[in-house]
Each structure stands twice: as C-alpha cells, then as structure tokens.
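Down below is the structure, laid out as structure tokens.
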Amino acid sequence: MGSLTICDHPLIQHKLTYIRDLNTNTKDFRELVDEVATLMAYEITRDVPLADTQVQTPVAAAQGRIISGRMLGLIPILRAGLGMVDGILKLLPAAKVGHIGLYRDPQTLKPVEYYVKLPTDVQERLLIVIDPMLATGGTANAAIELLKRRHCTQIKLMCLIASPEGVAAVNAAHPDVDIFVAAVDERLNEHGYIVPGLGDAGDRLFGTK
Ligand code: URA
C-alpha cells in the first residue's frame with residue numbers, strides 16, 4: 001500500500017485555509033496555490049537520495065552532500081495541475097515538465113486522453129503527478145496508468161485536497177504510488193465535488209467562473 005502523507009506544516013495549513021475561502025480572489029488564490037506547491041515540494045522530496053561530495057570553501061575543503069539518483073519529472077494534469085507547477089519549479093528548477101490532458105467521456109464516464117506530451121526520458125525519472133483535487137481518483141488513476149504504460153516506475157502523486165474515496169481509489173489501483181496532500185476532507189458530494197473542498201480548482205485558478 002502506498003503511503004499517504006498529510007503535509008500539516010502550519011504554513012501550509014494557514015495558506016490552505018485562505019485557498020478554501022470563497023472570498024479569496026483569483027490573483028490571491030493563484031499565489032497561495034503557488035506558495036503551497038513550493039512548500040509541498042520540500043516535503044515530497046524528503047527521501048531523494050544524496051551522494052557525498054567535496055567542495056572548497058574560501059577557508060578549507062568541506063564535505064557536503066548533493067542530490068543524486070533519478071532526475072525529476074513534473075506531470076501536471078490539465079488544467080488545474082498547471083497552477084502548482086511554477087511553485088515546485090522554484091525548488092526543483094532542473095525538473096522536466098510533461099503534460100497530460102484527460103476528459104471524462106459522457107457516455108462511458110471513462111477518462112479519455114486528449115493531450116499527452118512527456119519528456120523523452122520520462123521512464124528514467126522520478127515523476128510527480130500533480131492535480132490539486134483528488135476527487136473520485138479516476139483522473140489520477142488514468143494519468144498514472146498512462147505513465148506506467150510508458151514504462152515509468154517511480155511515481156508520486158501530489159494534491160492539495162483529497163477525498164477519502166479518492167485516496168482509497170488510488171491506493172487500490174496503484175499501491176506503489178505514495179500520495180502527498182495538504183488535507184483529506186470529509187467526502188464527495190453527488191456532483192463529484194470534494195466537501196468542503198475549495199470549489200472548482202481550475203475555475204478558481206484561471207478566473208473562468
Ligand atoms: N475538481 C475540482 O476542481 N474540485 C472538486 O471539488 C473536485 C474535482
């Protein structure tokens with residue numbers, strides 16, 4: 001079973017409260033999501049491997065450690081995932097970014113790919129799939145499946161808010177994927193929205209409603 005990490009740092013929880021608030025305007029919403037993404041990037045990279053190295057300070061040789069191992073790939077799910085990319089890139093500027101666009105077919109209710117553009121060496125990278133809202137888990141699962149079909153083996157999922165149903169769905173389908181969230185809310189409502197959640201993340205990020 002993949003682990004579930006709730007990033008409960010006071011700064012994250014403070015900013016998340018303003019993100020939820022319907023009185024927060026688009027500009028502030030976008031900035032707050034960006035800031036929380038940066039803080040969550042700190043948490044999600046906690047276990048990346050380090051290698052010993054040596055540098056010369058102006059005074060003497062110093063032992064140090066630098067990040068080694070797999071390079072990172074950020075995979076935002078369109079469109080709301082885009083709102084978290086720049087915040088993560090502030091800490092991980094060398095990461096490559098791949099995009100996955102999925103929509104739900106109204107007949108089959110299954111996610112359908114409409115846009116996929118990934119780094120050419122995607123299967124060699126540690127991937128962070130990004131979607132602010134983990135609701136039913138259908139979209140996240142489809143994105144992870146798509147990556148696994150391309151032989152990607154190291155995948156983490158980063159969301160702002162999850163429903164218990166979404167966490168269970170990803171755990172069931174992809175027990176190898178660790179999930180990082182700022183909060184797990186009460187439930188999903190009959191429209192597939194997370195309660196209390198924050199509303200439609202895409203609309204709030206891009207001011208489309
Ligand atoms: N997507 C959103 O943007 N919000 C939800 O509450 C659920 C899915």
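Residues in the structure tokens are named by chain (A, B, ... in the order shown) and by number from 1 within that chain; ligands are numbered from 1 in the order shown.
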Check your understanding: Counting only C-alpha atoms and all ligand atoms, what residues are within 8 Å of ligand 1, given as number ranges by chain?
Key -> A: 80, 132-136, 188, 192-203
Review point. Could you pull out the strand (DSSP E or B) residues of range 75-159 of chain A from DSSP and send them as JSON, numbers by chain?
Key: {"A": [75, 76, 77, 78, 96, 97, 99, 100, 101, 102, 103, 104, 111, 112, 113, 114, 115, 116, 117, 126, 127, 128, 129, 130, 133, 134, 154, 155, 156, 157, 158]}
Once you count only C-alpha atoms, what closest atom pair and distance in Å to one decimal does each residue of range 99-195 of chain A within 12 Å of range 47-55 of chain A have, with rows by chain and rising residue number, as a Markdown table?
```
| residue | atom | partner | partner_atom | distance |
| --- | --- | --- | --- | --- |
| A:Arg125 | CA | A:Val48 | CA | 11.9 |
| A:Leu126 | CA | A:Val48 | CA | 9.3 |
| A:Leu127 | CA | A:Val48 | CA | 11.9 |
| A:Gln154 | CA | A:Val48 | CA | 11.7 |
| A:Lys156 | CA | A:Asp47 | CA | 11.8 |
| A:Asp178 | CA | A:Asp47 | CA | 11.8 |
```
Practice item. Determine which residues of range 5-200 of chain A receive a DSSP assignment of helix (DSSP H, G or I), computed from the backbone, and state them as a VMD selection string. Key: chain A and resid 10 to 20 26 to 44 80 to 91 122 to 124 138 to 149 164 to 173
Exercise for review: Write out as a VMD selection string the residues lying within 7 Å of range 18-27 of chain A, counting only C-alpha atoms and excluding same-chain residues fewer than 5 positions away.
Suggested key: chain A and resid 32 197 to 198 204 to 207
**Study point:** Spatial neighbours of range 172-174 of chain A, 9 Å, only C-alpha atoms, chain gap at least 6 places, as number ranges by chain
**Key:** A: 1-2, 141, 144-145
Please identify every residue of range 122-194 of chain A that has at least one atom no farther than 9 Å from an atom of range 84-97 of chain A, counting only C-alpha atoms, and for each give the shortest atom pair and the distance in Å to one decimal, arranged by chain then increasing number, as a tab-separated table.
```
residue	atom	partner	partner_atom	distance
A:Val122	CA	A:Lys96	CA	8.7
A:Ile130	CA	A:Met84	CA	7.3
A:Asp131	CA	A:Met84	CA	8.1
A:Pro132	CA	A:Met84	CA	7.6
```
Could you write those residues out with N, CA, C and O atoms, as a PDB file, in the first residue's frame?
```pdb
ATOM      1  N   VAL A 122      11.150  10.067 -19.961  1.00  0.00           N
ATOM      2  CA  VAL A 122      10.216  10.063 -18.822  1.00  0.00           C
ATOM      3  C   VAL A 122      10.350   8.818 -17.956  1.00  0.00           C
ATOM      4  O   VAL A 122      10.216   8.864 -16.729  1.00  0.00           O
ATOM      5  N   ILE A 130       0.635  15.780 -10.666  1.00  0.00           N
ATOM      6  CA  ILE A 130       0.107  16.925  -9.913  1.00  0.00           C
ATOM      7  C   ILE A 130      -1.330  17.206 -10.324  1.00  0.00           C
ATOM      8  O   ILE A 130      -1.621  17.435 -11.507  1.00  0.00           O
ATOM      9  N   ASP A 131      -2.215  17.190  -9.336  1.00  0.00           N
ATOM     10  CA  ASP A 131      -3.605  17.603  -9.555  1.00  0.00           C
ATOM     11  C   ASP A 131      -4.099  18.158  -8.228  1.00  0.00           C
ATOM     12  O   ASP A 131      -4.054  17.441  -7.226  1.00  0.00           O
ATOM     13  N   PRO A 132      -4.548  19.403  -8.171  1.00  0.00           N
ATOM     14  CA  PRO A 132      -4.910  19.967  -6.858  1.00  0.00           C
ATOM     15  C   PRO A 132      -6.008  19.180  -6.136  1.00  0.00           C
ATOM     16  O   PRO A 132      -5.997  19.106  -4.925  1.00  0.00           O
TER      17      PRO A 132
END
```
Review point. In Å, how far is it from CA of Val129 in chain A to CA of Leu78 in chain A?
Key: 10.9 Å
Check your understanding: For Ala168 in chain A, which residue among A:Leu146, A:Ala182, A:Arg187, A:Ile155 is the nearest when counting only C-alpha atoms?
Key ->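 Checking each candidate against Ala168 in chain A, we get A:Arg187 as the closest.
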Point to revise | CA of Ala169 in chain A to CA of Pro106 in chain A, distance in Å rounded to a single decimal | key: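 Taking CA of Ala169 in chain A as the start and CA of Pro106 in chain A as the end point, the length is 20.4 Å.
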Check your understanding: Hey, which of A:Asp121, A:Lys209, A:Met40, A:Asp28 ends up closest to Leu11 in chain A? Count only C-alpha atoms.
Key -> A:Met40
